[in-house]
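Some notes on the structure that comes next.
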Amino acid sequence: MNILALDLGTSSVRGLVLDADARPLPGALARRRVSLVVHDDGTGTLDGPGYLACLVECLDELAAAGHLRDVSLVATSAQWHSVVPLGADGAPLGPVLTWLDTRPVALPGAPGPADPGDFHQRTGTWWHRCYWSMRLPWLREHTGGPIARFAGLAEYVLGELLDAAPMSISQASGTGLLDLRTLDWDAEACALAGSRAEELPELAPARWRGRLRPAYAWRWPQLTDAPWAGPVGDGAASNVGTGCVAPDRVAVTVGTSAAVRLMQRGPAGEELPPLPETLWRYRVDHDHVVTGAAYSSGGNLFAWANRELRLPEGAELDAALARLPPEGRLPVNVRFGGDRPPGLVPAGSGELRGLSFSSSAVDILAGLMRGLCDLVAEDLTVLESTVDKPVEVVLGGGAVAASRWWRSAFAAALAPRPVWHRRNPEVGASGAALVALGRVGDATRLADIGRTDEPASPS
C-alpha cells in the first residue's frame with residue numbers, strides 16, 4: 001500500500017508518494033514553485049487557478065513516471081487561514097489571501113467580540129486580520145462582483161478535482177470561525193464575519209473520503225478508486241510528522257514560515273485545557289488539538305538574504321557559518337512580514353542593528369537565523385507553562401534540515417531542553433498521511449527512525 005501525499009504550501013506545491021509507514025519513496029516527488037505576490041502594503045496572495053495548474057502538473061509528472069500505480073489513499077497537508085471569494089459559478093473573484101496578507105482591517109463601527117477572553121477560549125483565535133471573522137467583511141468591500149461563497153485554498157483546489165470537497169475540521173479551525181469543542185461554526189464568530197450558512201463551506205464529518213471527478217479519473221486512472229482524506233492544517237500535520245503528538249514533546253518547524261506547537265488529545269465535546277492569552281489553538285482532527293505560536297519569518301529569511309546579500313554557496317556558506325558562534329553577532333528584528341496573531345505589527349517591520357564595516361553577509365544571515373530562534377524560545381516558555389512536565393524539542397521542516405548551523409543555534413537558544421531534529425524534510429506530508437491512516441499514535445515510533453540527536457548546546 002502506497003499513499004499519495006499532497007503538500008499545498010505557500011511557496012510551492014508538492015506531490016510525493018509514501019510507503020505504508022508514511023516514509024517517502026526514493027525519487028517519487030514532484031514539485032512546482034508558485035508565485036506568491038507580496039507588496040509593501042501587506043499584500044500576500046496566490047492565484048487560485050495557477051495554483052491548481054501547478055498541482056495538476058505535479059500529478060501528471062508522478063503519473064508519467066509510474067509512481068501512482070500502487071496508490072490506495074490520498075492525504076493532504078494544506079496551509080491554514082487562506083480564503084478566496086467565489087462567484088455563483090465557483091470561479092474565484094480575486095486572488096487567494098494567504099496567512100501572509102496583513103491588509104484586512106475591521107470595518108468602521110465593527111464591535112468585536114462581546115467577551116474577547118471567552119471568544120479566544122472557544123475558537124482558539126482572536127478577532128484579527130488573519131482570520132475569517134475580519135477577512136470576510138474586508139473582502140466584501142474589496143471584491144468586484146457579488147460573492148456567492150467563500151473557500152480556503154484547499155477547498156477551492158480539491159473542489160475542482162473531486163466530486164465534493166467539504167472543509168475538514170482541521171482547516172475549519174484555522175478560519176477562526178469554529179467552536180473547537182462543539183466542532184460547529186461559532187455563532188458569534190460568524191456574526192462578526194457577517195456570514196450566512198450558505199456562504200461557508202460544508203464541514204466534513206469524521207473519516208470523510210472523496211473521489212476524483214470522472215474527467216480527472218480519466219487523466220490519472222491509477223487514482224480512480226483511491227479515496228481522498230480531508231486536508232490537515234500544515235502545522236498540525238508537521239507535529240504528527242515530527243512525532244510530536246504528546247504533551248512532553250514540542251515541535252519547532254521551519255518552512256517558509258515557522259511555528260512552535262504542542263499537541264494534546266481533545267475529543268469532540270470535551271472541555272479543553274485553558275489557553276494562554278498569547279497562544280492560538282487549532283484542530284488536528286476530531287480527537288486532537290494543537291496549541292502554539294507562529295511567525296511570518298522562517299526559511300523566507302534565508303531566501304531574502306540569499307537573493308539580496310550575495311551569500312557564498314554550498315559548502316563555502318556552511319564553512320563560513322561554522323566559524324560563527326550559534327548566538328549570532330547582530331541584534332535583529334525578523335518581522336519582515338509583520339506579526340502573526342495575536343500581534344499587529346505590520347509588514348515591513350524588520351530591522352538590522354549593530355552593523356559595522358566589518359559586518360559580512362554571513363553575519364547578517366546568522367543574525368536573522370538567531371533572531372527567529374529567540375522568538376521561538378520566548379513562546380516556548382509560555383507553551384511549557386501549560387503542561388506539568390519537562391519538554392523536549394524536535395526540529396523539523398526543510399529549512400532546518402538544510403542547515404546544521406541553524407539547528408545548533410536553536411539548540412543553544414532552547415537549552416537546557418533536549419533538542420533533536422527530524423532528517424526527513426517532508427514532515428507535513430508524512431504527518432497528513434498518518435492522520436489519514438488513523439495512526440497518530442504511531443507517529444513517535446515512526447519519527448524516531450529518522451531522528452538524529454544533537455547536543456543541547458554546541459559547547
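Going through the C-alpha cells in order, the chains are called A, B, and so on, while each chain numbers its residues from 1 and the ligands are numbered from 1 in the order shown.
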
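Taking only C-alpha atoms, the non-local environment of A:Thr43 within 9 Å (same-chain residues fewer than 2 positions away omitted) comprises Val37, Val38, His39, Asp40, Asp41, Thr45, Leu97, Thr98, Leu100, Asp101, Thr102, Arg103 and Ala347 of chain A.
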
Only C-alpha atoms, please: the residues just picked out, written as an mmCIF file, in the first residue's frame.
data_model
loop_
_atom_site.group_PDB
_atom_site.id
_atom_site.type_symbol
_atom_site.label_atom_id
_atom_site.label_comp_id
_atom_site.auth_asym_id
_atom_site.auth_seq_id
_atom_site.Cartn_x
_atom_site.Cartn_y
_atom_site.Cartn_z
ATOM 1 C CA VAL A 37 2.512 38.098 -4.710
ATOM 2 C CA VAL A 38 3.944 40.208 -1.879
ATOM 3 C CA HIS A 39 3.887 44.011 -1.653
ATOM 4 C CA ASP A 40 4.873 46.548 0.981
ATOM 5 C CA ASP A 41 1.196 47.349 1.648
ATOM 6 C CA THR A 45 -1.755 36.453 -2.306
ATOM 7 C CA LEU A 97 -5.490 35.705 0.601
ATOM 8 C CA THR A 98 -2.776 33.709 2.382
ATOM 9 C CA LEU A 100 0.901 36.400 4.950
ATOM 10 C CA ASP A 101 -1.646 39.035 3.900
ATOM 11 C CA THR A 102 -1.875 41.767 6.557
ATOM 12 C CA ARG A 103 -4.236 44.196 4.769
ATOM 13 C CA ALA A 347 4.667 44.046 7.253
#

Practice problem: Name all residues at most 8 Å from A:Val334 (count only C-alpha atoms; drop same-chain ones fewer than 4 positions away) and give them as a PyMOL selection string. | Solution: chain A and resi 297+301+349-351+368+371-372

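The smallest atom-to-atom distance between A:Arg329 and any of A:Gly428, A:Gly354, A:Pro95, A:Pro346, using only C-alpha atoms, is found for A:Gly354.
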
Quiz prompt | Non-local contacts of A:Val13 (10 Å; only C-alpha atoms; under 4 positions in same chain excluded) as number ranges by chain | solution = A: 6-9, 30-34, 51-52, 54-58, 78

With C-alpha atoms retained, could you export that selection as a short mmCIF file (atom, residue, chain, number, x, y, z; two decimals), in the first residue's frame?
data_model
loop_
_atom_site.label_atom_id
_atom_site.label_comp_id
_atom_site.auth_asym_id
_atom_site.auth_seq_id
_atom_site.Cartn_x
_atom_site.Cartn_y
_atom_site.Cartn_z
CA LEU A 6 -0.01 16.46 -1.36
CA ASP A 7 1.58 19.47 0.33
CA LEU A 8 -0.25 22.69 -0.53
CA GLY A 9 2.33 25.17 0.71
CA ALA A 30 7.16 16.31 -7.97
CA ARG A 31 7.39 19.98 -7.01
CA ARG A 32 6.36 23.27 -8.56
CA ARG A 33 7.14 26.71 -7.24
CA VAL A 34 4.14 29.02 -7.03
CA TYR A 51 -2.02 27.07 -8.14
CA LEU A 52 -4.38 24.34 -9.34
CA CYS A 54 0.81 23.56 -10.64
CA LEU A 55 -0.80 20.73 -8.67
CA VAL A 56 -2.07 19.10 -11.85
CA GLU A 57 1.45 19.29 -13.31
CA CYS A 58 2.82 17.53 -10.23
CA ALA A 78 -2.56 22.42 3.46
#

With only C-alpha atoms counted and 10 Å as the cut-off, give the residues of stretch 173-241 of chain A in contact with stretch 255-275 of chain A, each with its shortest interatomic distance in Å and the pair that gives it, as JSON lines.
{"residue": "A:Leu180", "atom": "CA", "partner": "A:Ala268", "partner_atom": "CA", "distance": 7.7}
{"residue": "A:Arg181", "atom": "CA", "partner": "A:Gly269", "partner_atom": "CA", "distance": 5.1}
{"residue": "A:Thr182", "atom": "CA", "partner": "A:Gly269", "partner_atom": "CA", "distance": 5.4}
{"residue": "A:Leu183", "atom": "CA", "partner": "A:Ala268", "partner_atom": "CA", "distance": 6.7}
{"residue": "A:Gly235", "atom": "CA", "partner": "A:Ala259", "partner_atom": "CA", "distance": 7.5}
{"residue": "A:Ala236", "atom": "CA", "partner": "A:Met263", "partner_atom": "CA", "distance": 8.0}
{"residue": "A:Ser238", "atom": "CA", "partner": "A:Arg261", "partner_atom": "CA", "distance": 9.3}
{"residue": "A:Asn239", "atom": "CA", "partner": "A:Arg261", "partner_atom": "CA", "distance": 7.2}
{"residue": "A:Val240", "atom": "CA", "partner": "A:Met263", "partner_atom": "CA", "distance": 8.5}

Residues of the last selection are to be written out with N, CA and C atoms, as a compact mmCIF listing (two decimals), in the first residue's frame.
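So again_29.txt came out as:
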# COMPACT_ATOMS: atom_id res chain seq x y z
N LEU A 180 -14.16 25.05 18.92
CA LEU A 180 -13.26 23.90 18.98
C LEU A 180 -13.83 22.74 19.78
N ARG A 181 -14.77 23.01 20.63
CA ARG A 181 -15.35 21.92 21.44
C ARG A 181 -16.52 21.26 20.73
N THR A 182 -17.45 22.07 20.20
CA THR A 182 -18.64 21.51 19.56
C THR A 182 -18.38 21.08 18.12
N LEU A 183 -17.30 21.59 17.51
CA LEU A 183 -16.95 21.31 16.12
C LEU A 183 -18.04 21.77 15.16
N GLY A 235 0.47 23.01 9.99
CA GLY A 235 1.13 22.98 11.29
C GLY A 235 0.80 21.72 12.07
N ALA A 236 -0.46 21.32 12.04
CA ALA A 236 -0.86 20.09 12.73
C ALA A 236 -0.19 18.87 12.10
N SER A 238 2.62 18.80 10.53
CA SER A 238 4.04 18.81 10.86
C SER A 238 4.31 18.26 12.25
N ASN A 239 3.42 18.55 13.21
CA ASN A 239 3.59 17.98 14.54
C ASN A 239 3.56 16.46 14.48
N VAL A 240 2.59 15.92 13.76
CA VAL A 240 2.49 14.46 13.64
C VAL A 240 3.70 13.91 12.91

Exercise. Quick one: pick out all strand (DSSP E) residues within stretch 211-376 of chain A from a backbone DSSP run and write them as a PyMOL selection string.
Key: chain A and resi 228-229+232-233+249-254+258-265+280-283+288-295+332-333+351-352

Pull N, CA and C atoms from the residues just selected and write them as an mmCIF file, in the first residue's frame.
data_model
loop_
_atom_site.group_PDB
_atom_site.id
_atom_site.type_symbol
_atom_site.label_atom_id
_atom_site.label_comp_id
_atom_site.auth_asym_id
_atom_site.auth_seq_id
_atom_site.Cartn_x
_atom_site.Cartn_y
_atom_site.Cartn_z
ATOM 1 N N TRP A 228 -9.755 10.007 -1.058
ATOM 2 C CA TRP A 228 -9.025 11.208 -0.669
ATOM 3 C C TRP A 228 -9.482 11.611 0.727
ATOM 4 N N ALA A 229 -8.553 11.704 1.659
ATOM 5 C CA ALA A 229 -8.873 12.117 3.024
ATOM 6 C C ALA A 229 -8.954 13.633 3.103
ATOM 7 N N VAL A 232 -5.322 18.212 6.283
ATOM 8 C CA VAL A 232 -4.880 18.533 7.637
ATOM 9 C C VAL A 232 -4.106 19.851 7.560
ATOM 10 N N GLY A 233 -4.377 20.761 8.504
ATOM 11 C CA GLY A 233 -3.620 22.009 8.546
ATOM 12 C C GLY A 233 -2.137 21.729 8.606
ATOM 13 N N ARG A 249 6.494 16.648 24.232
ATOM 14 C CA ARG A 249 7.347 16.817 23.057
ATOM 15 C C ARG A 249 6.791 17.939 22.187
ATOM 16 N N VAL A 250 7.586 18.981 22.002
ATOM 17 C CA VAL A 250 7.164 20.177 21.273
ATOM 18 C C VAL A 250 7.845 20.201 19.905
ATOM 19 N N ALA A 251 7.083 20.560 18.887
ATOM 20 C CA ALA A 251 7.633 20.675 17.536
ATOM 21 C C ALA A 251 7.973 22.115 17.221
ATOM 22 N N VAL A 252 9.151 22.339 16.678
ATOM 23 C CA VAL A 252 9.531 23.623 16.096
ATOM 24 C C VAL A 252 9.770 23.366 14.615
ATOM 25 N N THR A 253 8.931 23.925 13.774
ATOM 26 C CA THR A 253 9.002 23.668 12.340
ATOM 27 C C THR A 253 9.366 24.944 11.607
ATOM 28 N N VAL A 254 10.327 24.838 10.708
ATOM 29 C CA VAL A 254 10.751 25.994 9.917
ATOM 30 C C VAL A 254 10.666 25.620 8.443
ATOM 31 N N ALA A 258 7.499 29.834 10.240
ATOM 32 C CA ALA A 258 7.944 28.984 11.353
ATOM 33 C C ALA A 258 6.884 28.971 12.438
ATOM 34 N N ALA A 259 6.944 27.965 13.303
ATOM 35 C CA ALA A 259 5.987 27.851 14.395
ATOM 36 C C ALA A 259 6.547 26.945 15.472
ATOM 37 N N VAL A 260 6.008 27.104 16.697
ATOM 38 C CA VAL A 260 6.298 26.203 17.811
ATOM 39 C C VAL A 260 4.945 25.710 18.311
ATOM 40 N N ARG A 261 4.775 24.376 18.461
ATOM 41 C CA ARG A 261 3.461 23.808 18.717
ATOM 42 C C ARG A 261 3.534 22.591 19.628
ATOM 43 N N LEU A 262 2.479 22.421 20.416
ATOM 44 C CA LEU A 262 2.337 21.281 21.311
ATOM 45 C C LEU A 262 0.971 20.646 21.053
ATOM 46 N N MET A 263 0.942 19.328 20.927
ATOM 47 C CA MET A 263 -0.293 18.618 20.575
ATOM 48 C C MET A 263 -0.836 17.864 21.786
ATOM 49 N N GLN A 264 -2.163 17.856 21.933
ATOM 50 C CA GLN A 264 -2.828 17.171 23.044
ATOM 51 C C GLN A 264 -4.099 16.500 22.546
ATOM 52 N N ARG A 265 -4.558 15.501 23.294
ATOM 53 C CA ARG A 265 -5.859 14.927 22.999
ATOM 54 C C ARG A 265 -6.941 15.919 23.404
ATOM 55 N N TRP A 280 -2.404 30.532 20.171
ATOM 56 C CA TRP A 280 -3.592 30.073 19.456
ATOM 57 C C TRP A 280 -3.786 28.571 19.674
ATOM 58 N N ARG A 281 -4.938 28.090 19.256
ATOM 59 C CA ARG A 281 -5.216 26.641 19.298
ATOM 60 C C ARG A 281 -6.069 26.276 18.081
ATOM 61 N N TYR A 282 -5.665 25.211 17.381
ATOM 62 C CA TYR A 282 -6.413 24.717 16.231
ATOM 63 C C TYR A 282 -6.651 23.216 16.394
ATOM 64 N N ARG A 283 -7.382 22.658 15.464
ATOM 65 C CA ARG A 283 -7.693 21.228 15.467
ATOM 66 C C ARG A 283 -6.759 20.466 14.526
ATOM 67 N N HIS A 288 -7.893 15.526 18.429
ATOM 68 C CA HIS A 288 -6.661 16.162 18.893
ATOM 69 C C HIS A 288 -6.657 17.648 18.570
ATOM 70 N N VAL A 289 -5.986 18.425 19.435
ATOM 71 C CA VAL A 289 -5.774 19.848 19.198
ATOM 72 C C VAL A 289 -4.282 20.142 19.237
ATOM 73 N N VAL A 290 -3.914 21.276 18.655
ATOM 74 C CA VAL A 290 -2.524 21.713 18.688
ATOM 75 C C VAL A 290 -2.508 23.176 19.120
ATOM 76 N N THR A 291 -1.611 23.503 20.056
ATOM 77 C CA THR A 291 -1.529 24.835 20.649
ATOM 78 C C THR A 291 -0.138 25.407 20.374
ATOM 79 N N GLY A 292 -0.058 26.701 20.089
ATOM 80 C CA GLY A 292 1.274 27.238 19.845
ATOM 81 C C GLY A 292 1.297 28.683 19.393
ATOM 82 N N ALA A 293 2.401 29.023 18.728
ATOM 83 C CA ALA A 293 2.628 30.365 18.197
ATOM 84 C C ALA A 293 3.297 30.231 16.842
ATOM 85 N N ALA A 294 3.053 31.197 15.958
ATOM 86 C CA ALA A 294 3.615 31.134 14.607
ATOM 87 C C ALA A 294 4.228 32.478 14.247
ATOM 88 N N TYR A 295 5.088 32.459 13.235
ATOM 89 C CA TYR A 295 5.871 33.633 12.842
ATOM 90 C C TYR A 295 5.822 33.774 11.324
ATOM 91 N N VAL A 332 18.704 41.729 15.712
ATOM 92 C CA VAL A 332 17.800 41.934 14.579
ATOM 93 C C VAL A 332 16.349 41.836 15.037
ATOM 94 N N ASN A 333 15.454 42.333 14.201
ATOM 95 C CA ASN A 333 14.020 42.105 14.321
ATOM 96 C C ASN A 333 13.602 41.418 13.027
ATOM 97 N N GLU A 351 14.234 44.756 11.159
ATOM 98 C CA GLU A 351 15.339 45.668 11.463
ATOM 99 C C GLU A 351 16.645 44.887 11.540
ATOM 100 N N LEU A 352 17.727 45.522 11.101
ATOM 101 C CA LEU A 352 19.090 45.039 11.295
ATOM 102 C C LEU A 352 19.834 46.112 12.067
#
